[in-house]
>>> print(open('input-v9.cif').read())   # mmCIF, C-alpha atoms
data_protein
loop_
_atom_site.label_atom_id
_atom_site.label_comp_id
_atom_site.auth_asym_id
_atom_site.auth_seq_id
_atom_site.Cartn_x
_atom_site.Cartn_y
_atom_site.Cartn_z
CA MET A 1320 38.63 11.11 -9.56
CA ALA A 1321 38.18 11.26 -5.78
CA TYR A 1322 34.54 11.62 -4.73
CA ASP A 1323 33.10 12.85 -1.45
CA PHE A 1324 30.96 9.71 -1.26
CA ASP A 1325 30.79 6.30 -2.88
CA LEU A 1326 26.97 6.45 -2.76
CA PHE A 1327 24.68 9.44 -2.34
CA VAL A 1328 21.04 8.54 -1.69
CA ILE A 1329 18.28 11.08 -2.30
CA GLY A 1330 15.32 10.13 -0.12
CA ALA A 1331 15.23 8.48 3.31
CA GLY A 1332 12.21 6.27 2.73
CA SER A 1333 12.21 2.50 3.07
CA GLY A 1334 14.22 1.78 -0.08
CA GLY A 1335 16.71 4.61 0.35
CA VAL A 1336 17.44 3.81 3.99
CA ARG A 1337 17.87 0.11 3.24
CA ALA A 1338 20.32 0.81 0.40
CA ALA A 1339 22.26 3.34 2.48
CA ARG A 1340 22.53 1.18 5.59
CA PHE A 1341 23.70 -1.92 3.81
CA ALA A 1342 26.05 -0.08 1.49
CA ALA A 1343 27.69 1.48 4.54
CA GLY A 1344 27.83 -1.95 6.15
CA PHE A 1345 29.66 -3.22 3.07
CA GLY A 1346 32.31 -0.55 3.60
CA ALA A 1347 31.06 2.24 1.32
CA LYS A 1348 31.11 5.92 2.27
CA VAL A 1349 27.43 6.90 2.11
CA ALA A 1350 25.28 10.00 2.47
CA VAL A 1351 21.50 10.34 2.57
CA ALA A 1352 19.56 13.54 1.96
CA GLU A 1353 15.96 13.92 3.11
CA SER A 1354 13.86 17.09 3.01
CA ARG A 1355 10.70 15.86 4.73
CA TYR A 1356 10.59 12.99 7.17
CA LEU A 1357 12.69 9.94 7.89
CA GLY A 1358 11.01 6.70 6.90
CA GLY A 1359 9.25 8.10 3.83
CA THR A 1360 5.62 7.63 2.90
CA CYS A 1361 5.16 4.25 4.60
CA VAL A 1362 6.21 5.32 8.08
CA ASN A 1363 4.73 8.82 8.06
CA VAL A 1364 1.68 9.03 5.79
CA GLY A 1365 1.26 5.49 4.51
CA CYS A 1366 1.10 1.91 5.65
CA VAL A 1367 2.11 2.36 9.30
CA PRO A 1368 -0.30 5.13 10.41
CA LYS A 1369 -2.97 3.67 8.12
CA LYS A 1370 -2.72 0.29 9.87
CA LEU A 1371 -2.96 2.01 13.25
CA LEU A 1372 -6.17 3.73 12.13
CA VAL A 1373 -7.48 0.42 10.77
CA TYR A 1374 -6.90 -1.14 14.18
CA GLY A 1375 -8.87 1.73 15.71
CA ALA A 1376 -11.74 1.22 13.30
CA HIS A 1377 -11.83 -2.52 14.07
CA VAL A 1378 -12.56 -1.86 17.73
CA ALA A 1379 -16.17 -1.14 16.78
CA ASP A 1380 -16.44 -4.70 15.41
CA GLU A 1381 -14.98 -6.16 18.60
CA LEU A 1382 -17.47 -4.22 20.72
CA GLU A 1383 -20.34 -5.42 18.55
CA GLN A 1384 -19.24 -9.03 18.83
CA ALA A 1385 -18.61 -8.90 22.58
CA ALA A 1386 -22.25 -9.43 23.59
CA GLY A 1387 -22.32 -12.86 21.97
CA PHE A 1388 -19.51 -13.94 24.27
CA GLY A 1389 -21.25 -12.75 27.41
CA TRP A 1390 -19.76 -9.31 27.77
CA THR A 1391 -22.01 -6.42 28.74
CA LEU A 1392 -20.38 -3.11 27.84
CA GLU A 1393 -21.42 0.46 28.34
CA GLU A 1394 -21.91 2.44 25.18
CA GLY A 1395 -18.46 3.25 23.84
CA HIS A 1396 -17.21 6.70 22.92
CA PHE A 1397 -14.55 7.29 20.30
CA ASP A 1398 -12.19 10.27 20.44
CA TRP A 1399 -10.39 11.04 17.17
CA GLY A 1400 -7.94 13.42 18.84
CA THR A 1401 -6.65 10.73 21.17
CA LEU A 1402 -6.09 8.27 18.31
CA ILE A 1403 -4.23 10.85 16.22
CA ALA A 1404 -2.09 12.02 19.15
CA ASN A 1405 -1.10 8.43 19.97
CA LYS A 1406 -0.43 7.75 16.29
CA ASN A 1407 1.79 10.84 16.07
CA ARG A 1408 3.78 9.74 19.10
CA GLU A 1409 4.40 6.34 17.52
CA ILE A 1410 5.49 7.89 14.22
CA GLU A 1411 7.93 10.18 16.06
CA ARG A 1412 9.37 7.09 17.75
CA LEU A 1413 9.83 5.39 14.39
CA ASN A 1414 11.45 8.55 12.94
CA GLY A 1415 14.01 8.31 15.73
CA ILE A 1416 14.63 4.65 14.98
CA TYR A 1417 15.29 5.42 11.33
CA ARG A 1418 17.69 8.19 12.33
CA ASN A 1419 19.59 5.85 14.62
CA LEU A 1420 19.71 3.13 11.98
CA LEU A 1421 21.38 5.51 9.57
CA VAL A 1422 23.74 7.26 11.96
CA ASN A 1423 24.79 4.06 13.72
CA SER A 1424 25.57 2.53 10.33
CA GLY A 1425 28.03 5.33 9.64
CA VAL A 1426 25.85 7.09 7.08
CA THR A 1427 26.07 10.87 6.77
CA LEU A 1428 22.54 12.24 7.16
CA LEU A 1429 21.80 15.55 5.44
CA GLN A 1430 18.38 17.04 6.24
CA GLY A 1431 17.54 19.26 3.31
CA HIS A 1432 16.34 19.21 -0.29
CA ALA A 1433 18.77 17.50 -2.64
CA ARG A 1434 19.03 18.57 -6.27
CA LEU A 1435 21.11 16.97 -8.98
CA THR A 1436 23.57 19.40 -10.54
CA GLY A 1437 25.39 16.84 -12.64
CA ALA A 1438 25.84 13.14 -13.23
CA ASN A 1439 28.04 12.84 -10.11
CA GLU A 1440 27.07 15.94 -8.16
CA VAL A 1441 24.29 16.83 -5.72
CA GLU A 1442 23.48 20.15 -4.07
CA VAL A 1443 21.85 20.29 -0.63
CA ASP A 1444 21.00 23.71 0.81
CA GLY A 1445 23.70 25.38 -1.26
CA GLN A 1446 26.40 22.84 -0.43
CA ARG A 1447 27.63 20.61 -3.26
CA TYR A 1448 28.72 17.00 -2.86
CA THR A 1449 30.22 14.58 -5.36
CA ALA A 1450 29.50 10.85 -5.48
CA GLU A 1451 30.55 7.94 -7.65
CA HIS A 1452 26.99 6.62 -7.54
CA ILE A 1453 23.74 8.51 -6.90
CA LEU A 1454 20.55 6.68 -5.96
CA ILE A 1455 17.16 8.37 -6.44
CA ALA A 1456 14.59 7.05 -3.97
CA THR A 1457 12.22 9.99 -3.66
CA GLY A 1458 8.98 8.00 -3.76
CA GLY A 1459 5.55 9.13 -4.88
CA TRP A 1460 3.00 11.81 -4.08
CA PRO A 1461 -0.83 11.79 -4.18
CA GLN A 1462 -2.48 13.65 -7.02
CA VAL A 1463 -5.95 15.14 -7.33
CA PRO A 1464 -7.63 15.63 -10.73
CA ASP A 1465 -7.62 19.18 -12.02
CA ILE A 1466 -11.24 20.11 -11.35
CA PRO A 1467 -12.77 23.33 -10.00
CA GLY A 1468 -12.48 23.25 -6.21
CA LYS A 1469 -9.68 20.66 -6.10
CA GLU A 1470 -7.98 22.73 -3.36
CA LEU A 1471 -10.94 21.90 -1.08
CA ALA A 1472 -10.20 18.17 -1.22
CA ILE A 1473 -7.67 16.27 0.89
CA THR A 1474 -5.46 13.24 0.19
CA SER A 1475 -3.91 10.59 2.41
CA ASN A 1476 -1.18 13.11 3.31
CA GLU A 1477 -3.67 15.35 5.10
CA ALA A 1478 -6.06 12.67 6.37
CA PHE A 1479 -3.64 11.54 9.08
CA TYR A 1480 -3.59 15.04 10.58
CA LEU A 1481 -7.26 16.06 10.52
CA LYS A 1482 -8.12 17.84 13.78
CA ASP A 1483 -11.56 16.26 13.92
CA LEU A 1484 -13.26 13.22 12.43
CA PRO A 1485 -15.53 14.51 9.65
CA ARG A 1486 -19.21 13.70 10.12
CA ARG A 1487 -19.76 13.03 6.38
CA VAL A 1488 -17.00 11.86 4.04
CA LEU A 1489 -16.84 11.33 0.29
CA VAL A 1490 -13.97 9.02 -0.68
CA VAL A 1491 -13.09 9.21 -4.38
CA GLY A 1492 -11.14 6.40 -6.03
CA GLY A 1493 -11.18 2.68 -6.73
CA GLY A 1494 -7.76 1.51 -5.61
CA TYR A 1495 -6.70 -0.02 -2.32
CA ILE A 1496 -6.04 3.34 -0.62
CA ALA A 1497 -9.60 4.51 -1.34
CA VAL A 1498 -11.10 1.23 -0.12
CA GLU A 1499 -8.99 1.22 3.03
CA PHE A 1500 -9.79 4.80 4.01
CA ALA A 1501 -13.48 4.33 3.30
CA GLY A 1502 -13.39 1.50 5.84
CA ILE A 1503 -11.45 3.60 8.33
CA PHE A 1504 -13.82 6.57 8.17
CA GLN A 1505 -16.91 4.40 8.31
CA GLY A 1506 -15.54 2.19 11.08
CA LEU A 1507 -14.79 5.21 13.25
CA GLY A 1508 -18.31 6.53 12.84
CA ALA A 1509 -18.37 8.83 9.82
CA ASP A 1510 -21.19 8.68 7.27
CA THR A 1511 -19.08 7.48 4.34
CA THR A 1512 -19.65 7.24 0.59
CA LEU A 1513 -17.16 5.71 -1.84
CA LEU A 1514 -17.30 7.05 -5.40
CA TYR A 1515 -15.53 5.31 -8.26
CA ARG A 1516 -15.74 6.16 -11.93
CA GLY A 1517 -15.54 2.51 -13.04
CA ASP A 1518 -17.92 -0.44 -12.78
CA LEU A 1519 -16.18 -2.07 -9.79
CA PHE A 1520 -13.24 -1.11 -7.57
CA LEU A 1521 -9.84 -2.82 -7.14
CA ARG A 1522 -9.08 -3.29 -10.83
CA GLY A 1523 -6.36 -5.91 -11.25
CA PHE A 1524 -7.44 -7.99 -8.25
CA ASP A 1525 -9.19 -11.33 -8.67
CA GLY A 1526 -12.79 -10.97 -9.81
CA SER A 1527 -14.18 -13.11 -6.98
CA VAL A 1528 -12.32 -10.97 -4.45
CA ARG A 1529 -13.67 -7.73 -5.90
CA THR A 1530 -17.26 -8.96 -5.98
CA HIS A 1531 -17.10 -10.52 -2.52
CA LEU A 1532 -15.66 -7.38 -0.92
CA LYS A 1533 -18.35 -5.26 -2.58
CA GLU A 1534 -21.04 -7.45 -1.06
CA GLU A 1535 -19.48 -7.37 2.40
CA LEU A 1536 -18.98 -3.59 2.38
CA GLU A 1537 -22.61 -3.14 1.41
CA LYS A 1538 -23.64 -5.36 4.34
CA ARG A 1539 -21.73 -2.99 6.60
CA GLY A 1540 -23.70 -0.05 5.26
CA LEU A 1541 -20.97 1.61 3.23
CA ASN A 1542 -22.54 3.65 0.43
CA LEU A 1543 -20.87 2.44 -2.78
CA GLN A 1544 -21.47 4.49 -5.92
CA PHE A 1545 -19.85 3.13 -9.09
CA ASN A 1546 -19.75 4.83 -12.49
CA ALA A 1547 -19.74 8.10 -10.55
CA ASP A 1548 -17.23 10.95 -10.66
CA ILE A 1549 -17.01 14.50 -9.33
CA GLN A 1550 -17.10 17.41 -11.76
CA ARG A 1551 -16.56 20.23 -9.27
CA ILE A 1552 -16.42 20.96 -5.52
CA ASP A 1553 -17.87 24.09 -3.93
CA LYS A 1554 -17.72 25.34 -0.36
CA GLN A 1555 -21.10 26.28 1.08
CA GLU A 1556 -21.95 29.01 3.58
CA ASP A 1557 -22.12 26.56 6.49
CA GLY A 1558 -18.62 25.30 5.69
CA SER A 1559 -19.75 22.01 4.16
CA LEU A 1560 -18.66 20.90 0.70
CA LYS A 1561 -20.99 20.35 -2.24
CA ALA A 1562 -19.74 17.86 -4.82
CA THR A 1563 -21.41 18.12 -8.19
CA LEU A 1564 -21.15 14.84 -10.08
CA LYS A 1565 -20.75 14.49 -13.83
CA ASP A 1566 -24.25 13.03 -14.02
CA GLY A 1567 -25.65 16.21 -12.45
CA ARG A 1568 -26.30 14.86 -8.96
CA GLU A 1569 -25.13 16.84 -5.92
CA LEU A 1570 -23.69 15.31 -2.74
CA VAL A 1571 -22.90 17.25 0.44
CA ALA A 1572 -20.10 16.28 2.81
CA ASP A 1573 -17.73 17.73 5.37
CA CYS A 1574 -14.67 16.16 3.75
CA VAL A 1575 -13.82 15.05 0.20
CA PHE A 1576 -10.93 12.58 0.23
CA TYR A 1577 -9.18 11.77 -3.06
CA ALA A 1578 -7.26 8.54 -3.63
CA THR A 1579 -7.04 8.60 -7.41
CA GLY A 1580 -3.41 7.75 -7.98
CA ARG A 1581 0.11 8.83 -7.14
CA ARG A 1582 2.83 10.42 -9.22
CA PRO A 1583 6.62 10.09 -8.93
CA MET A 1584 8.10 12.81 -6.72
CA LEU A 1585 10.52 14.51 -9.14
CA ASP A 1586 9.87 18.15 -8.16
CA ASN A 1587 12.99 20.31 -8.37
CA LEU A 1588 15.16 17.21 -8.53
CA GLY A 1589 17.40 18.57 -11.28
CA LEU A 1590 16.99 15.68 -13.70
CA GLU A 1591 17.48 18.17 -16.54
CA ASN A 1592 21.13 18.42 -15.46
CA THR A 1593 21.68 14.72 -16.09
CA GLY A 1594 21.04 12.14 -18.79
CA VAL A 1595 18.21 10.55 -16.81
CA GLU A 1596 15.15 9.81 -18.97
CA LEU A 1597 11.53 9.20 -18.01
CA ASP A 1598 9.28 6.50 -19.44
CA ALA A 1599 5.94 7.10 -21.16
CA ARG A 1600 4.14 7.19 -17.80
CA GLY A 1601 6.47 9.79 -16.31
CA TYR A 1602 8.49 7.46 -14.08
CA ILE A 1603 12.28 7.23 -14.13
CA ARG A 1604 13.39 4.72 -16.75
CA VAL A 1605 15.69 2.01 -15.35
CA ASP A 1606 17.04 -1.33 -16.52
CA GLU A 1607 16.95 -4.63 -14.62
CA GLN A 1608 19.71 -3.42 -12.31
CA TYR A 1609 17.98 -0.08 -11.54
CA GLN A 1610 20.46 1.81 -13.71
CA THR A 1611 19.02 4.94 -15.30
CA THR A 1612 20.07 6.24 -18.70
CA ALA A 1613 22.81 8.16 -16.85
CA PRO A 1614 25.43 5.50 -15.94
CA SER A 1615 26.24 6.94 -12.48
CA ILE A 1616 22.62 7.36 -11.38
CA LEU A 1617 20.25 4.64 -10.17
CA ALA A 1618 16.63 4.72 -9.03
CA ILE A 1619 14.38 2.43 -6.97
CA GLY A 1620 10.96 2.35 -5.31
CA ASP A 1621 7.80 4.20 -6.24
CA VAL A 1622 9.73 6.63 -8.44
CA ILE A 1623 10.33 3.87 -11.03
CA GLY A 1624 6.67 2.80 -11.07
CA ARG A 1625 7.07 -0.97 -10.91
CA VAL A 1626 5.48 -2.63 -7.87
CA GLN A 1627 4.76 0.20 -5.46
CA LEU A 1628 4.98 -1.63 -2.14
CA THR A 1629 7.30 -0.98 0.81
CA PRO A 1630 8.79 -4.52 0.93
CA VAL A 1631 9.55 -4.27 -2.79
CA ALA A 1632 11.42 -0.98 -2.28
CA LEU A 1633 13.37 -2.66 0.54
CA ALA A 1634 14.32 -5.54 -1.74
CA GLU A 1635 15.35 -3.14 -4.51
CA GLY A 1636 17.48 -1.12 -2.08
CA MET A 1637 19.21 -4.28 -0.91
CA ALA A 1638 19.83 -5.36 -4.50
CA VAL A 1639 21.46 -2.02 -5.36
CA ALA A 1640 23.71 -2.10 -2.28
CA ARG A 1641 24.84 -5.63 -3.02
CA ARG A 1642 25.44 -5.08 -6.72
CA LEU A 1643 27.56 -1.99 -6.11
CA PHE A 1644 29.48 -3.02 -3.00
CA LYS A 1645 29.03 -6.75 -2.30
CA THR A 1646 28.81 -8.33 -5.73
CA GLU A 1647 29.09 -11.93 -4.54
CA GLN A 1648 25.80 -11.53 -2.63
CA TYR A 1649 23.87 -9.84 -5.44
CA ARG A 1650 20.66 -11.38 -6.73
CA ARG A 1651 17.85 -9.88 -8.73
CA VAL A 1652 14.55 -9.00 -7.17
CA ASP A 1653 11.87 -11.52 -8.12
CA TYR A 1654 8.64 -9.68 -8.89
CA GLN A 1655 6.62 -12.89 -9.25
CA ASN A 1656 4.32 -14.10 -6.48
CA ILE A 1657 4.56 -11.00 -4.26
CA PRO A 1658 2.10 -11.39 -1.35
CA THR A 1659 -0.17 -8.36 -0.94
CA ALA A 1660 -2.73 -7.25 1.61
CA VAL A 1661 -5.47 -4.65 1.42
CA PHE A 1662 -6.53 -3.54 4.89
CA SER A 1663 -10.14 -3.06 3.97
CA GLN A 1664 -12.85 -4.22 6.36
CA PRO A 1665 -12.88 -7.17 5.89
CA PRO A 1666 -9.26 -7.32 4.67
CA ILE A 1667 -7.87 -8.92 1.52
CA GLY A 1668 -4.83 -11.16 1.21
CA THR A 1669 -3.58 -12.29 -2.18
CA VAL A 1670 -0.54 -13.88 -3.81
CA GLY A 1671 0.09 -15.17 -7.32
CA LEU A 1672 -2.13 -15.05 -10.38
CA THR A 1673 -5.77 -14.07 -10.39
CA GLU A 1674 -8.17 -16.37 -12.19
CA GLU A 1675 -8.35 -13.85 -15.02
CA GLN A 1676 -4.56 -13.58 -15.30
CA ALA A 1677 -4.13 -17.35 -15.32
CA LEU A 1678 -6.63 -17.75 -18.15
CA GLU A 1679 -5.06 -14.90 -20.09
CA ALA A 1680 -1.64 -16.56 -19.72
CA GLY A 1681 -3.02 -19.69 -21.37
CA HIS A 1682 -3.31 -21.96 -18.34
CA LYS A 1683 -6.01 -24.59 -18.17
CA VAL A 1684 -7.45 -23.55 -14.83
CA GLN A 1685 -9.17 -25.31 -11.95
CA VAL A 1686 -10.73 -23.02 -9.34
CA PHE A 1687 -11.36 -24.04 -5.73
CA GLU A 1688 -13.51 -21.55 -3.87
CA SER A 1689 -15.08 -21.50 -0.44
CA ARG A 1690 -17.32 -18.99 1.33
CA PHE A 1691 -18.15 -19.47 5.00
CA ARG A 1692 -19.09 -17.63 8.17
CA ALA A 1693 -16.09 -17.44 10.50
CA MET A 1694 -16.32 -19.42 13.75
CA LYS A 1695 -15.88 -16.24 15.79
CA LEU A 1696 -19.15 -14.90 14.40
CA THR A 1697 -21.29 -17.96 15.17
CA LEU A 1698 -22.23 -16.60 18.61
CA THR A 1699 -23.25 -13.26 17.12
CA ASP A 1700 -25.85 -12.02 14.66
CA ILE A 1701 -23.17 -10.83 12.23
CA GLN A 1702 -23.52 -12.47 8.81
CA GLU A 1703 -20.14 -11.57 7.30
CA LYS A 1704 -18.67 -14.27 5.05
CA THR A 1705 -15.03 -15.14 4.46
CA LEU A 1706 -13.85 -15.98 0.93
CA MET A 1707 -10.94 -18.30 0.16
CA LYS A 1708 -9.87 -19.21 -3.35
CA LEU A 1709 -7.17 -21.28 -5.04
CA VAL A 1710 -6.31 -20.99 -8.74
CA VAL A 1711 -4.64 -24.18 -9.96
CA ASP A 1712 -3.05 -25.24 -13.23
CA ALA A 1713 -5.09 -28.30 -14.22
CA GLU A 1714 -2.22 -29.84 -16.21
CA THR A 1715 0.68 -29.43 -13.74
CA ASP A 1716 -1.36 -29.26 -10.47
CA LYS A 1717 0.72 -26.21 -9.54
CA VAL A 1718 -1.06 -23.62 -7.39
CA LEU A 1719 -0.96 -20.38 -9.37
CA GLY A 1720 -2.79 -18.08 -6.99
CA CYS A 1721 -4.23 -17.85 -3.47
CA HIS A 1722 -6.84 -15.23 -2.58
CA MET A 1723 -8.71 -14.43 0.61
CA VAL A 1724 -11.19 -11.88 1.96
CA GLY A 1725 -11.73 -12.13 5.69
CA PRO A 1726 -10.18 -11.61 9.12
CA ASP A 1727 -6.38 -11.96 9.29
CA ALA A 1728 -6.13 -12.36 5.50
CA GLY A 1729 -2.77 -10.59 5.38
CA GLU A 1730 -1.32 -12.75 8.14
CA ILE A 1731 -2.51 -15.97 6.50
CA ILE A 1732 -1.41 -15.10 2.96
CA GLN A 1733 2.20 -14.45 4.04
CA GLY A 1734 2.80 -18.15 4.70
CA LEU A 1735 1.09 -19.14 1.46
CA GLY A 1736 3.46 -16.77 -0.34
CA ILE A 1737 6.32 -19.06 0.65
CA ALA A 1738 4.44 -22.07 -0.66
CA LEU A 1739 3.84 -20.44 -4.05
CA LYS A 1740 7.43 -19.24 -4.23
CA ALA A 1741 8.50 -22.85 -3.68
CA GLY A 1742 6.19 -24.07 -6.46
CA ALA A 1743 3.70 -25.96 -4.32
CA THR A 1744 1.09 -28.17 -5.98
CA LYS A 1745 -2.55 -28.63 -5.03
CA GLN A 1746 -1.70 -32.17 -3.92
CA GLN A 1747 0.85 -30.75 -1.47
CA PHE A 1748 -1.79 -28.36 -0.16
CA ASP A 1749 -4.17 -31.33 0.23
CA GLU A 1750 -1.54 -33.41 2.05
CA THR A 1751 -0.79 -30.64 4.53
CA ILE A 1752 -2.63 -31.14 7.81
CA GLY A 1753 -4.63 -28.12 8.86
CA VAL A 1754 -4.50 -26.27 12.15
CA HIS A 1755 -7.93 -26.79 13.74
CA PRO A 1756 -10.08 -24.87 14.37
CA THR A 1757 -8.83 -21.98 12.25
CA ALA A 1758 -9.98 -20.23 9.11
CA ALA A 1759 -6.57 -20.86 7.53
CA GLU A 1760 -7.13 -24.62 7.42
CA GLU A 1761 -9.71 -24.07 4.69
CA PHE A 1762 -6.83 -23.54 2.26
CA VAL A 1763 -5.73 -27.16 2.77
CA THR A 1764 -9.19 -28.75 2.93
CA MET A 1765 -10.78 -27.50 -0.30
CA ARG A 1766 -11.24 -30.67 -2.37
CA THR A 1767 -14.06 -29.93 -4.82
CA VAL A 1768 -13.42 -27.98 -8.01
CA THR A 1769 -15.79 -25.00 -8.14
CA ARG A 1770 -15.28 -24.48 -11.85
#
>>> encode(input="input-v9.cif", output="structure tokens")
Amino acid sequence: MAYDFDLFVIGAGSGGVRAARFAAGFGAKVAVAESRYLGGTCVNVGCVPKKLLVYGAHVADELEQAAGFGWTLEEGHFDWGTLIANKNREIERLNGIYRNLLVNSGVTLLQGHARLTGANEVEVDGQRYTAEHILIATGGWPQVPDIPGKELAITSNEAFYLKDLPRRVLVVGGGYIAVEFAGIFQGLGADTTLLYRGDLFLRGFDGSVRTHLKEELEKRGLNLQFNADIQRIDKQEDGSLKATLKDGRELVADCVFYATGRRPMLDNLGLENTGVELDARGYIRVDEQYQTTAPSILAIGDVIGRVQLTPVALAEGMAVARRLFKTEQYRRVDYQNIPTAVFSQPPIGTVGLTEEQALEAGHKVQVFESRFRAMKLTLTDIQEKTLMKLVVDAETDKVLGCHMVGPDAGEIIQGLGIALKAGATKQQFDETIGVHPTAAEEFVTMRTVTR
């Protein structure tokens, strides 16, 4: 059968664009359909604008530290509208880049909602197209618990477009998005409270990292309330929001921000017209080659619920393009030792196993841990501490995990990700000469086992 396209991609986020571009480069006839914005969550309402807001929030730290280095500054004034306008302009620029990447690669770009009407057929705005392969890369969407007043809350989607910086903010959630936005709001001057229903945020991260970040956020004055959850939200006469907690307490704020999880974006996708099945969590079920239970349909990225990170979606998109159209270059995505950053304040960088995971896996573990005040802060009154930690297999000397909380953690952990991927040992860390004076050199100078 002759198809209109060799590959039809639904979703122009990071993974979808990568698959489309490279498939076209390998000689395939490719189409991409996108109903919202080019670049997906990351570029528009995710990691890119979030990092820009994090940079903005960090300026307050720089101003505070300046006096110790001899700078006398007038009292600063922050304007939310200027930051958001500049952020919007940058996102529009990136949207254009994504458009050019697709079009210049020879991909047919269809701007409209795509719906599956069969195993090899897609409908976009009433027009039907056939394809030998269809790739679902529709990403995820924030979800708010079904409580009275949920419509009064916002998510990360809306936070990037607030007209004004709220004076008082309640951030609800214990994952990295909640922690990051709590830091953003507080750093830009909002009175911020972080509520989490569990004992301690960032479940799944190393225990030392979680505890250390908690202590540092409390030093900064962030109001952390654990074992706390909202039962209902009500709008008051003055326009403020009253959050009634499950323990009966009442908190008043101007904004309630929810970061309590994301769901796969499958709305009106037409999966019922195909043999595609979902797993127990509601994500699209795929095998190791991203094949769904319908042979002609594949899926990658957040919609399959594996590792929900932009670089992972990029790697999955590349793997699909190679397997379908450049078989000799195909290789599986390795989900082990993926470096990760949390742009909290201070930020987290981590790669490999946590101490808890290493013990659970049966390793005999040696832990090397260091806490110190960064050199940059020694001329100031700021008492923030940096944490660095290595988790080592005591029998093989292999470094199983590297963890950091402190300035530039994400930048530093990227290089260590290569070391762990290569199977580096603690001896090789020890024999590596450090760059002095830097914080990063601490990773190669830790000699004493902490426990």
>>> residues_around(input="input-v9.cif", residues="Gln1733 (chain A)", least_positions_apart="6", cutoff="9 Å", atoms="all atoms listed in the file", output="count of residues only")
5
>>> atom_distance(input="input-v9.cif", atom1="CA of Thr1629 (chain A)", atom2="CA of Val1652 (chain A)")
13.4 Å
>>> atom_distance(input="input-v9.cif", atom1="CA of Arg1355 (chain A)", atom2="CA of His1432 (chain A)")
8.3 Å
>>> residues_around(input="input-v9.cif", residues="Asp1727 (chain A)", least_positions_apart="6", cutoff="9 Å", atoms="all atoms listed in the file", output="list in words")
Pro1665, Pro1666, Ile1667 and Gly1668 of chain A
>>> closest_residue(input="input-v9.cif", among="A:Phe1327, A:Tyr1322, A:Tyr1495, A:Phe1576", to="Leu1617 (chain A)", atoms="all atoms listed in the file")
A:Phe1327
>>> resolve_selection(input="input-v9.cif", expression="the PyMOL selection byres ((chain A and resi 1358) around 10)", output="list in words")
Gly1330, Ala1331, Gly1332, Ser1333, Gly1334, Gly1335, Val1336, Glu1353, Arg1355, Tyr1356, Leu1357, Gly1359, Thr1360, Cys1361, Val1362, Asn1363, Val1364, Ile1410, Leu1413, Asn1414, Gly1415, Ile1416, Tyr1417 and Arg1418 of chain A
>>> residues_around(input="input-v9.cif", residues="Tyr1649 (chain A)", least_positions_apart="5", cutoff="8 Å", atoms="only C-alpha atoms", output="PyMOL selection string")
chain A and resi 1638+1641-1642
>>> resolve_selection(input="input-v9.cif", expression="the PyMOL selection byres ((chain A and resi 1760) around 12)", output="PyMOL selection string")
chain A and resi 1689+1693+1707+1731-1732+1735+1748-1759+1761-1765
>>> build_atoms(input="input-v9.cif", residues="region 1401-1408 of chain A", atoms="N, CA, C and O atoms", output="mmCIF file, in the coordinates of the input")
data_model
loop_
_atom_site.group_PDB
_atom_site.id
_atom_site.type_symbol
_atom_site.label_atom_id
_atom_site.label_comp_id
_atom_site.auth_asym_id
_atom_site.auth_seq_id
_atom_site.Cartn_x
_atom_site.Cartn_y
_atom_site.Cartn_z
ATOM 1 N N THR A 1401 -7.505 11.647 20.421
ATOM 2 C CA THR A 1401 -6.650 10.730 21.170
ATOM 3 C C THR A 1401 -5.945 9.757 20.235
ATOM 4 O O THR A 1401 -4.737 9.496 20.368
ATOM 5 N N LEU A 1402 -6.694 9.203 19.275
ATOM 6 C CA LEU A 1402 -6.090 8.270 18.310
ATOM 7 C C LEU A 1402 -4.981 8.952 17.518
ATOM 8 O O LEU A 1402 -3.889 8.387 17.360
ATOM 9 N N ILE A 1403 -5.230 10.164 17.031
ATOM 10 C CA ILE A 1403 -4.230 10.850 16.220
ATOM 11 C C ILE A 1403 -3.004 11.218 17.042
ATOM 12 O O ILE A 1403 -1.862 11.091 16.581
ATOM 13 N N ALA A 1404 -3.221 11.669 18.282
ATOM 14 C CA ALA A 1404 -2.090 12.020 19.150
ATOM 15 C C ALA A 1404 -1.223 10.796 19.430
ATOM 16 O O ALA A 1404 0.022 10.862 19.389
ATOM 17 N N ASN A 1405 -1.859 9.661 19.713
ATOM 18 C CA ASN A 1405 -1.100 8.430 19.970
ATOM 19 C C ASN A 1405 -0.384 7.960 18.706
ATOM 20 O O ASN A 1405 0.751 7.479 18.766
ATOM 21 N N LYS A 1406 -1.065 8.102 17.567
ATOM 22 C CA LYS A 1406 -0.430 7.750 16.290
ATOM 23 C C LYS A 1406 0.786 8.624 16.050
ATOM 24 O O LYS A 1406 1.861 8.133 15.662
ATOM 25 N N ASN A 1407 0.661 9.925 16.293
ATOM 26 C CA ASN A 1407 1.790 10.840 16.070
ATOM 27 C C ASN A 1407 2.976 10.479 16.949
ATOM 28 O O ASN A 1407 4.136 10.540 16.506
ATOM 29 N N ARG A 1408 2.696 10.107 18.185
ATOM 30 C CA ARG A 1408 3.780 9.740 19.100
ATOM 31 C C ARG A 1408 4.523 8.501 18.596
ATOM 32 O O ARG A 1408 5.753 8.420 18.669
#
